[in-house]
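Engineer: Enclosed is the structure file query34.pdb (PDB, C-alpha atoms).
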```pdb
ATOM      1  CA  MET M1172     112.203  55.523 121.740  1.00  0.00           C
ATOM      2  CA  PRO M1173     109.155  57.662 122.602  1.00  0.00           C
ATOM      3  CA  GLU M1174     105.899  57.318 120.711  1.00  0.00           C
ATOM      4  CA  VAL M1175     103.172  59.852 120.011  1.00  0.00           C
ATOM      5  CA  ASN M1176      99.645  59.586 118.716  1.00  0.00           C
ATOM      6  CA  VAL M1177      98.797  61.823 115.769  1.00  0.00           C
ATOM      7  CA  GLU M1178      95.625  62.219 113.766  1.00  0.00           C
ATOM      8  CA  ILE M1179      95.627  62.585 109.999  1.00  0.00           C
ATOM      9  CA  ASN M1180      92.376  62.749 108.030  1.00  0.00           C
ATOM     10  CA  GLY M1181      90.397  61.556 111.036  1.00  0.00           C
ATOM     11  CA  ARG M1182      92.588  58.506 111.606  1.00  0.00           C
ATOM     12  CA  LYS M1183      94.906  58.004 114.537  1.00  0.00           C
ATOM     13  CA  TYR M1184      98.483  56.856 113.998  1.00  0.00           C
ATOM     14  CA  ARG M1185     101.071  55.853 116.585  1.00  0.00           C
ATOM     15  CA  MET M1186     104.526  57.072 115.584  1.00  0.00           C
ATOM     16  CA  ALA M1187     107.957  56.727 117.124  1.00  0.00           C
ATOM     17  CA  CYS M1188     110.395  59.603 117.278  1.00  0.00           C
ATOM     18  CA  GLU M1189     113.652  60.613 118.908  1.00  0.00           C
ATOM     19  CA  GLU M1190     113.622  61.737 122.519  1.00  0.00           C
ATOM     20  CA  GLY M1191     112.621  65.374 122.800  1.00  0.00           C
ATOM     21  CA  GLN M1192     111.051  65.460 119.325  1.00  0.00           C
ATOM     22  CA  GLN M1193     107.509  64.557 120.389  1.00  0.00           C
ATOM     23  CA  GLN M1194     106.036  68.079 120.114  1.00  0.00           C
ATOM     24  CA  HIS M1195     107.835  68.662 116.839  1.00  0.00           C
ATOM     25  CA  LEU M1196     106.348  65.481 115.358  1.00  0.00           C
ATOM     26  CA  ILE M1197     102.874  66.394 116.617  1.00  0.00           C
ATOM     27  CA  GLY M1198     103.225  69.851 115.027  1.00  0.00           C
ATOM     28  CA  LEU M1199     104.312  68.342 111.709  1.00  0.00           C
ATOM     29  CA  ALA M1200     101.362  65.957 111.765  1.00  0.00           C
ATOM     30  CA  GLU M1201      99.009  68.854 112.461  1.00  0.00           C
ATOM     31  CA  ARG M1202     100.429  70.797 109.528  1.00  0.00           C
ATOM     32  CA  PHE M1203     100.109  67.754 107.260  1.00  0.00           C
ATOM     33  CA  ASP M1204      96.530  67.221 108.424  1.00  0.00           C
ATOM     34  CA  ALA M1205      95.785  70.874 107.617  1.00  0.00           C
ATOM     35  CA  TYR M1206      96.993  70.215 104.041  1.00  0.00           C
ATOM     36  CA  VAL M1207      94.725  67.158 103.895  1.00  0.00           C
ATOM     37  CA  GLU M1208      91.706  69.096 105.129  1.00  0.00           C
ATOM     38  CA  GLN M1209      92.392  71.976 102.735  1.00  0.00           C
ATOM     39  CA  LEU M1210      92.732  69.648  99.751  1.00  0.00           C
ATOM     40  CA  LYS M1211      89.606  67.699 100.763  1.00  0.00           C
ATOM     41  CA  GLY M1212      87.751  71.014 100.747  1.00  0.00           C
ATOM     42  CA  VAL M1213      88.841  71.572  97.147  1.00  0.00           C
ATOM     43  CA  VAL M1214      88.545  68.092  95.628  1.00  0.00           C
ATOM     44  CA  GLY M1215      86.188  66.314  98.051  1.00  0.00           C
ATOM     45  CA  GLU M1216      86.536  62.707  99.181  1.00  0.00           C
ATOM     46  CA  ILE M1217      88.816  60.991  96.669  1.00  0.00           C
ATOM     47  CA  GLY M1218      90.228  58.070  98.664  1.00  0.00           C
ATOM     48  CA  ASP M1219      92.979  57.984 101.247  1.00  0.00           C
ATOM     49  CA  ASN M1220      95.828  56.892  98.986  1.00  0.00           C
ATOM     50  CA  ARG M1221      95.134  59.403  96.252  1.00  0.00           C
ATOM     51  CA  LEU M1222      94.550  62.173  98.800  1.00  0.00           C
ATOM     52  CA  THR M1223      97.821  61.351 100.587  1.00  0.00           C
ATOM     53  CA  VAL M1224      99.757  61.401  97.305  1.00  0.00           C
ATOM     54  CA  MET M1225      98.218  64.724  96.298  1.00  0.00           C
ATOM     55  CA  VAL M1226      99.021  66.254  99.690  1.00  0.00           C
ATOM     56  CA  GLY M1227     102.559  64.872  99.521  1.00  0.00           C
ATOM     57  CA  ILE M1228     103.033  66.507  96.132  1.00  0.00           C
ATOM     58  CA  ALA M1229     101.636  69.801  97.456  1.00  0.00           C
ATOM     59  CA  VAL M1230     104.039  69.686 100.396  1.00  0.00           C
ATOM     60  CA  VAL M1231     106.996  68.903  98.126  1.00  0.00           C
ATOM     61  CA  ASP M1232     105.913  71.789  95.862  1.00  0.00           C
ATOM     62  CA  ASP M1233     105.984  74.135  98.865  1.00  0.00           C
ATOM     63  CA  LEU M1234     109.395  72.745  99.796  1.00  0.00           C
ATOM     64  CA  ALA M1235     110.715  73.300  96.261  1.00  0.00           C
ATOM     65  CA  GLU M1236     109.461  76.899  96.332  1.00  0.00           C
ATOM     66  CA  ALA M1237     111.099  77.456  99.721  1.00  0.00           C
ATOM     67  CA  GLU M1238     114.380  76.013  98.392  1.00  0.00           C
ATOM     68  CA  ARG M1239     114.180  78.321  95.357  1.00  0.00           C
ATOM     69  CA  ARG M1240     113.654  81.321  97.632  1.00  0.00           C
ATOM     70  CA  ILE M1241     116.555  80.227  99.858  1.00  0.00           C
ATOM     71  CA  LYS M1242     118.864  80.036  96.827  1.00  0.00           C
ATOM     72  CA  ALA M1243     117.745  83.497  95.705  1.00  0.00           C
ATOM     73  CA  LEU M1244     118.359  84.878  99.198  1.00  0.00           C
ATOM     74  CA  GLU M1245     121.778  83.194  99.337  1.00  0.00           C
ATOM     75  CA  SER M1246     122.654  84.912  96.041  1.00  0.00           C
ATOM     76  CA  GLU M1247     121.515  88.232  97.496  1.00  0.00           C
ATOM     77  CA  VAL M1248     123.663  87.641 100.572  1.00  0.00           C
ATOM     78  CA  VAL M1249     126.705  87.063  98.333  1.00  0.00           C
ATOM     79  CA  VAL M1250     126.008  90.284  96.404  1.00  0.00           C
ATOM     80  CA  LEU M1251     125.438  92.291  99.587  1.00  0.00           C
ATOM     81  CA  THR M1252     128.550  90.824 101.220  1.00  0.00           C
ATOM     82  CA  ARG M1253     130.647  91.817  98.224  1.00  0.00           C
ATOM     83  CA  ALA M1254     129.116  95.293  98.243  1.00  0.00           C
ATOM     84  CA  GLY M1255     129.820  95.585 101.959  1.00  0.00           C
ATOM     85  CA  GLN M1256     133.430  94.545 101.413  1.00  0.00           C
ATOM     86  CA  GLU M1257     133.785  97.101  98.622  1.00  0.00           C
ATOM     87  CA  VAL M1258     132.328  99.840 100.836  1.00  0.00           C
ATOM     88  CA  ALA M1259     134.662  98.832 103.680  1.00  0.00           C
ATOM     89  CA  ALA M1260     137.658  98.991 101.321  1.00  0.00           C
ATOM     90  CA  GLU M1261     136.499 102.388 100.065  1.00  0.00           C
ATOM     91  CA  ILE M1262     136.142 103.685 103.623  1.00  0.00           C
ATOM     92  CA  GLU M1263     139.601 102.372 104.486  1.00  0.00           C
ATOM     93  CA  ALA M1264     141.076 104.133 101.431  1.00  0.00           C
ATOM     94  CA  LEU M1265     139.280 107.382 102.384  1.00  0.00           C
ATOM     95  CA  GLU M1266     140.557 107.101 105.958  1.00  0.00           C
ATOM     96  CA  GLU M1267     144.112 106.600 104.694  1.00  0.00           C
ATOM     97  CA  SER M1268     143.755 109.575 102.354  1.00  0.00           C
ATOM     98  CA  LEU M1269     142.348 111.751 105.138  1.00  0.00           C
ATOM     99  CA  ALA M1270     145.121 110.678 107.512  1.00  0.00           C
ATOM    100  CA  LYS M1271     147.732 111.583 104.881  1.00  0.00           C
ATOM    101  CA  LYS M1272     146.107 114.986 104.292  1.00  0.00           C
ATOM    102  CA  LEU M1273     145.939 115.648 108.031  1.00  0.00           C
ATOM    103  CA  ASP M1274     149.599 114.672 108.350  1.00  0.00           C
ATOM    104  CA  ASP M1275     150.498 116.996 105.457  1.00  0.00           C
ATOM    105  CA  ALA M1276     148.467 119.802 107.054  1.00  0.00           C
ATOM    106  CA  ALA M1277     150.157 119.240 110.418  1.00  0.00           C
ATOM    107  CA  ARG M1278     153.597 119.432 108.775  1.00  0.00           C
ATOM    108  CA  ALA M1279     152.598 122.620 106.965  1.00  0.00           C
ATOM    109  CA  ILE M1280     151.364 124.163 110.224  1.00  0.00           C
ATOM    110  CA  GLU M1281     154.593 123.131 111.951  1.00  0.00           C
ATOM    111  CA  GLY M1282     156.541 124.757 109.123  1.00  0.00           C
ATOM    112  CA  VAL M1283     154.572 127.988 109.543  1.00  0.00           C
ATOM    113  CA  ALA M1284     155.092 127.831 113.306  1.00  0.00           C
ATOM    114  CA  ASP M1285     158.843 127.380 112.798  1.00  0.00           C
ATOM    115  CA  VAL M1286     158.956 130.408 110.465  1.00  0.00           C
ATOM    116  CA  LEU M1287     156.985 132.489 112.961  1.00  0.00           C
ATOM    117  CA  ASP M1288     159.295 131.397 115.760  1.00  0.00           C
ATOM    118  CA  ASP M1289     162.294 132.428 113.673  1.00  0.00           C
ATOM    119  CA  MET M1290     160.720 135.838 112.940  1.00  0.00           C
ATOM    120  CA  ALA M1291     159.734 136.627 116.516  1.00  0.00           C
ATOM    121  CA  PRO M1292     161.800 139.357 118.170  1.00  0.00           C
ATOM    122  CA  VAL M1293     164.154 138.187 120.824  1.00  0.00           C
ATOM    123  CA  PRO M1294     163.245 139.767 124.188  1.00  0.00           C
ATOM    124  CA  GLN M1295     165.968 141.941 125.665  1.00  0.00           C
ATOM    125  CA  GLY M1296     166.240 142.155 129.284  1.00  0.00           C
TER     126      GLY M1296
END
```
Just give me the structure as structure tokens.
Structural biologist:
Amino acid sequence: MPEVNVEINGRKYRMACEEGQQQHLIGLAERFDAYVEQLKGVVGEIGDNRLTVMVGIAVVDDLAEAERRIKALESEVVVLTRAGQEVAAEIEALEESLAKKLDDAARAIEGVADVLDDMAPVPQG
């Protein structure tokens, strides 16, 4: 199992990860460290344990907000999918109606053509 070195709050940590996940783990550690540095800028030096807990809570808060937004977007997708299905059904009904009207018009034109054919003088030769 590969290992990577990450730095959080000025301290180095050796961490194991799955093969191919090294850069991902380094990126996560960098993001976590950015939270630590941001919070330190707000509250100052408050001790590693307390700082880590506060950052963990901030990260979980961001996660909860992201989950809430995902649920809202999923609801929107359901609404839009239903609307799309309704529009598709409406279009299909309009196409069927138009096809019927075109068929009726074609029959009417054929009827007129038949009448005209019957009325045409027969050529004498």
Engineer: Write out, as a Markdown table, each residue of region 1196-1281 of chain M that has an atom at most 8 Å from region 1174-1192 of chain M, together with the closest pair of atoms and their distance in Å to one decimal, counting all atoms listed in the file, rows going by chain and rising number.
Structural biologist:
```
| residue | atom | partner | partner_atom | distance |
| --- | --- | --- | --- | --- |
| M:Leu1196 | CA | M:Gln1192 | CA | 6.2 |
| M:Ile1197 | CA | M:Val1177 | CA | 6.2 |
| M:Ala1200 | CA | M:Val1177 | CA | 6.3 |
| M:Glu1201 | CA | M:Ile1179 | CA | 7.5 |
| M:Phe1203 | CA | M:Ile1179 | CA | 7.4 |
| M:Asp1204 | CA | M:Ile1179 | CA | 5.0 |
| M:Val1207 | CA | M:Asn1180 | CA | 6.5 |
| M:Glu1208 | CA | M:Asn1180 | CA | 7.0 |
```
Engineer: In Å to one decimal, how far is CA of Ala1205 (chain M) from CA of Pro1173 (chain M)?
Structural biologist: 24.0 Å
Engineer: What are the centre and edge lengths in Å, to one decimal, of the axis-aligned box around all listed atoms of region 1283-1287 of chain M with 3 Å added on each side, as lines of an AutoDock Vina configuration file?
Structural biologist:
```
center_x = 156.8
center_y = 129.9
center_z = 111.4
size_x = 10.4
size_y = 11.1
size_z = 9.8
```
Engineer: Would you compute the distance between CA of Asp1232 (chain M) and CA of Leu1251 (chain M)? Give it in Å to one decimal.
Structural biologist: 28.6 Å
Engineer: If the PyMOL selection byres ((chain M and resi 1223) around 10) is run on the structure shown, which residues does it catch, given as number ranges by chain?
Structural biologist: M: 1179-1180, 1203-1204, 1206-1207, 1210, 1217-1222, 1224-1229
Engineer: Those same residues, written as a short mmCIF file (atom, residue, chain, number, x, y, z; two decimals), keeping the file's coordinate frame with C-alpha atoms?
Structural biologist:
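Result file is again-v6.cif:
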```cif
data_model
loop_
_atom_site.label_atom_id
_atom_site.label_comp_id
_atom_site.auth_asym_id
_atom_site.auth_seq_id
_atom_site.Cartn_x
_atom_site.Cartn_y
_atom_site.Cartn_z
CA ILE M 1179 95.63 62.58 110.00
CA ASN M 1180 92.38 62.75 108.03
CA PHE M 1203 100.11 67.75 107.26
CA ASP M 1204 96.53 67.22 108.42
CA TYR M 1206 96.99 70.22 104.04
CA VAL M 1207 94.72 67.16 103.90
CA LEU M 1210 92.73 69.65 99.75
CA ILE M 1217 88.82 60.99 96.67
CA GLY M 1218 90.23 58.07 98.66
CA ASP M 1219 92.98 57.98 101.25
CA ASN M 1220 95.83 56.89 98.99
CA ARG M 1221 95.13 59.40 96.25
CA LEU M 1222 94.55 62.17 98.80
CA VAL M 1224 99.76 61.40 97.30
CA MET M 1225 98.22 64.72 96.30
CA VAL M 1226 99.02 66.25 99.69
CA GLY M 1227 102.56 64.87 99.52
CA ILE M 1228 103.03 66.51 96.13
CA ALA M 1229 101.64 69.80 97.46
#
```
Engineer: For CA of Val1230 (chain M) and CA of Gln1209 (chain M), determine how far apart the two atoms are, in Å to one decimal place.
Structural biologist: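 Separation of CA of Val1230 (chain M) and CA of Gln1209 (chain M): 12.1 Å.
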